[in-house]
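Student: I'd like to ask you about the structure that follows.
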Amino acid sequence: MIKRPHLLWLLVPFVLYIGALPFVNRVEPVLLGLPFLFVWLLGATLLTPVAVWLTWRGDQQLRGEQGKGAGHE
């Protein structure tokens with residue numbers, strides 16, 4: 001069992017940048033006048049802070065639960 005499953009959000013940028021790169025490395029189709037690879041990397045760049053924020057939020061919730069369980073406020 002994973003003690004901190006929210007850390008799995010950090011795999012999202014890895015998969016978007018490295019794991020999917022062989023599948024999206026092409027010029028066609030063109031979206032908004034930009035090559036597909038550029039649009040993919042732009043989307044990955046915009047989603048990376050979201051993944052980091054979700055990880056941080058999960059860590060904060062876990063700390064809150066641990067504090068309440070130990071009798072600390």
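In the structure tokens, the first chain shown is A, the next is B, and so on; residue numbers restart at 1 for each chain, and ligands run from 1 in the order shown.
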Tell me which protein, DNA and RNA residues are within 12 Å of Leu47 (chain A), counting only C-alpha atoms, leaving out same-chain ones fewer than 3 positions away, and put them as a compact mmCIF listing (two decimals) with all heavy atoms, in the first residue's frame.
Tutor:
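The resulting file, around-v6.txt, is shown below:
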```
# COMPACT_ATOMS: atom_id res chain seq x y z
N TRP A 9 0.87 12.14 -8.61
CA TRP A 9 0.63 13.29 -9.50
C TRP A 9 1.93 13.75 -10.15
O TRP A 9 1.92 14.33 -11.23
CB TRP A 9 0.00 14.45 -8.75
CG TRP A 9 -1.45 14.27 -8.49
CD1 TRP A 9 -2.06 14.07 -7.28
CD2 TRP A 9 -2.51 14.28 -9.46
NE1 TRP A 9 -3.42 13.95 -7.46
CE2 TRP A 9 -3.71 14.08 -8.77
CE3 TRP A 9 -2.54 14.45 -10.85
CZ2 TRP A 9 -4.94 14.03 -9.43
CZ3 TRP A 9 -3.76 14.39 -11.50
CH2 TRP A 9 -4.94 14.18 -10.79
N LEU A 10 3.06 13.51 -9.50
CA LEU A 10 4.34 13.94 -10.05
C LEU A 10 4.76 13.09 -11.25
O LEU A 10 5.71 13.45 -11.96
CB LEU A 10 5.42 13.92 -8.97
CG LEU A 10 5.19 14.91 -7.83
CD1 LEU A 10 6.27 14.76 -6.78
CD2 LEU A 10 5.14 16.34 -8.35
N LEU A 11 4.07 11.99 -11.50
CA LEU A 11 4.34 11.20 -12.70
C LEU A 11 3.74 11.83 -13.94
O LEU A 11 4.17 11.53 -15.05
CB LEU A 11 3.80 9.78 -12.53
CG LEU A 11 4.56 8.89 -11.57
CD1 LEU A 11 3.84 7.56 -11.42
CD2 LEU A 11 5.98 8.67 -12.05
N VAL A 12 2.75 12.70 -13.77
CA VAL A 12 2.08 13.32 -14.91
C VAL A 12 3.08 14.09 -15.78
O VAL A 12 3.14 13.86 -17.00
CB VAL A 12 0.91 14.21 -14.46
CG1 VAL A 12 0.35 15.04 -15.60
CG2 VAL A 12 -0.19 13.35 -13.84
N PRO A 13 3.89 15.00 -15.24
CA PRO A 13 4.85 15.70 -16.10
C PRO A 13 5.84 14.74 -16.77
O PRO A 13 6.17 14.91 -17.95
CB PRO A 13 5.58 16.65 -15.16
CG PRO A 13 4.68 16.81 -14.00
CD PRO A 13 3.93 15.52 -13.87
N PHE A 14 6.29 13.73 -16.04
CA PHE A 14 7.22 12.76 -16.61
C PHE A 14 6.61 12.07 -17.82
O PHE A 14 7.24 11.96 -18.88
CB PHE A 14 7.64 11.74 -15.57
CG PHE A 14 8.52 10.66 -16.12
CD1 PHE A 14 9.86 10.90 -16.35
CD2 PHE A 14 8.00 9.42 -16.44
CE1 PHE A 14 10.68 9.91 -16.88
CE2 PHE A 14 8.81 8.43 -16.96
CZ PHE A 14 10.15 8.68 -17.18
N VAL A 15 5.39 11.61 -17.66
CA VAL A 15 4.72 10.91 -18.77
C VAL A 15 4.48 11.86 -19.94
O VAL A 15 4.69 11.49 -21.09
CB VAL A 15 3.40 10.27 -18.29
CG1 VAL A 15 2.58 9.75 -19.44
CG2 VAL A 15 3.69 9.16 -17.30
N LEU A 16 4.06 13.08 -19.65
CA LEU A 16 3.79 14.03 -20.72
C LEU A 16 5.05 14.43 -21.48
O LEU A 16 5.04 14.58 -22.70
CB LEU A 16 3.10 15.28 -20.17
CG LEU A 16 1.67 15.09 -19.70
CD1 LEU A 16 1.15 16.37 -19.08
CD2 LEU A 16 0.77 14.65 -20.84
N TYR A 17 6.15 14.63 -20.77
CA TYR A 17 7.38 15.07 -21.42
C TYR A 17 8.18 13.91 -22.01
O TYR A 17 8.65 14.00 -23.14
CB TYR A 17 8.29 15.82 -20.43
CG TYR A 17 7.88 17.24 -20.19
CD1 TYR A 17 7.40 17.64 -18.96
CD2 TYR A 17 7.99 18.19 -21.20
CE1 TYR A 17 7.03 18.95 -18.72
CE2 TYR A 17 7.62 19.50 -20.98
CZ TYR A 17 7.15 19.88 -19.74
OH TYR A 17 6.79 21.18 -19.52
N TRP A 40 1.84 20.14 -27.81
CA TRP A 40 1.91 19.12 -26.76
C TRP A 40 2.81 19.58 -25.61
O TRP A 40 2.46 19.48 -24.43
CB TRP A 40 2.45 17.81 -27.34
CG TRP A 40 2.50 16.72 -26.34
CD1 TRP A 40 3.54 16.40 -25.52
CD2 TRP A 40 1.44 15.82 -26.01
NE1 TRP A 40 3.21 15.34 -24.72
CE2 TRP A 40 1.93 14.96 -24.99
CE3 TRP A 40 0.16 15.64 -26.47
CZ2 TRP A 40 1.15 13.95 -24.45
CZ3 TRP A 40 -0.61 14.63 -25.93
CH2 TRP A 40 -0.11 13.81 -24.92
N LEU A 41 3.99 20.10 -25.94
CA LEU A 41 4.92 20.56 -24.91
C LEU A 41 4.38 21.76 -24.17
O LEU A 41 4.59 21.90 -22.95
CB LEU A 41 6.28 20.87 -25.53
CG LEU A 41 7.03 19.65 -26.07
CD1 LEU A 41 8.31 20.09 -26.77
CD2 LEU A 41 7.33 18.66 -24.97
N LEU A 42 3.67 22.64 -24.86
CA LEU A 42 3.04 23.78 -24.20
C LEU A 42 1.98 23.30 -23.20
O LEU A 42 1.92 23.77 -22.06
CB LEU A 42 2.41 24.72 -25.23
CG LEU A 42 1.72 25.95 -24.69
CD1 LEU A 42 2.71 26.84 -23.96
CD2 LEU A 42 1.05 26.71 -25.82
N GLY A 43 1.17 22.34 -23.61
CA GLY A 43 0.16 21.77 -22.70
C GLY A 43 0.80 21.09 -21.50
O GLY A 43 0.34 21.24 -20.37
N ALA A 44 1.89 20.36 -21.73
CA ALA A 44 2.59 19.70 -20.63
C ALA A 44 3.17 20.73 -19.66
O ALA A 44 3.13 20.55 -18.44
CB ALA A 44 3.71 18.81 -21.17
N VAL A 50 0.01 22.36 -12.15
CA VAL A 50 -1.22 21.78 -11.59
C VAL A 50 -0.91 20.48 -10.87
O VAL A 50 -1.39 20.23 -9.76
CB VAL A 50 -2.28 21.56 -12.70
CG1 VAL A 50 -3.50 20.84 -12.16
CG2 VAL A 50 -2.66 22.88 -13.35
N ALA A 51 -0.07 19.64 -11.48
CA ALA A 51 0.31 18.38 -10.84
C ALA A 51 1.09 18.62 -9.55
O ALA A 51 0.88 17.94 -8.54
CB ALA A 51 1.15 17.54 -11.81
N VAL A 52 1.99 19.61 -9.56
CA VAL A 52 2.75 19.93 -8.36
C VAL A 52 1.82 20.47 -7.27
O VAL A 52 1.95 20.11 -6.10
CB VAL A 52 3.88 20.94 -8.68
CG1 VAL A 52 4.55 21.44 -7.42
CG2 VAL A 52 4.89 20.30 -9.62
N TRP A 53 0.85 21.30 -7.65
CA TRP A 53 -0.10 21.84 -6.67
C TRP A 53 -0.95 20.73 -6.07
O TRP A 53 -1.18 20.71 -4.85
CB TRP A 53 -1.00 22.90 -7.32
CG TRP A 53 -2.03 23.42 -6.39
CD1 TRP A 53 -1.86 24.32 -5.39
CD2 TRP A 53 -3.42 23.05 -6.35
NE1 TRP A 53 -3.05 24.53 -4.73
CE2 TRP A 53 -4.02 23.77 -5.31
CE3 TRP A 53 -4.19 22.18 -7.11
CZ2 TRP A 53 -5.37 23.64 -5.00
CZ3 TRP A 53 -5.53 22.05 -6.82
CH2 TRP A 53 -6.11 22.78 -5.76
N LEU A 54 -1.41 19.79 -6.89
CA LEU A 54 -2.21 18.68 -6.37
C LEU A 54 -1.39 17.82 -5.39
O LEU A 54 -1.90 17.34 -4.39
CB LEU A 54 -2.74 17.81 -7.52
CG LEU A 54 -3.86 18.45 -8.33
CD1 LEU A 54 -4.11 17.65 -9.60
CD2 LEU A 54 -5.13 18.56 -7.51
```
Student: Using the chain letters and numbers from this document, which residues of chain A does DSSP assign to strand (DSSP E), as a ChimeraX atom specification?
Tutor: /A:30-31,34-35
Student: Just the number, please: distance in Å from CA of Pro5 (chain A) to CA of Pro22 (chain A), one decimal.
Tutor: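 Computed distance, CA of Pro5 (chain A) to CA of Pro22 (chain A), equals 27.4 Å.
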Student: For the atom pair CA of Leu37 (chain A) and CA of Val24 (chain A), what is the interatomic distance in Å to one decimal place?
Tutor: 5.9 Å
Student: Rounded to one decimal place, report the CA of Asn25 (chain A)-CA of Phe38 (chain A) distance in Å.
Tutor: 9.1 Å
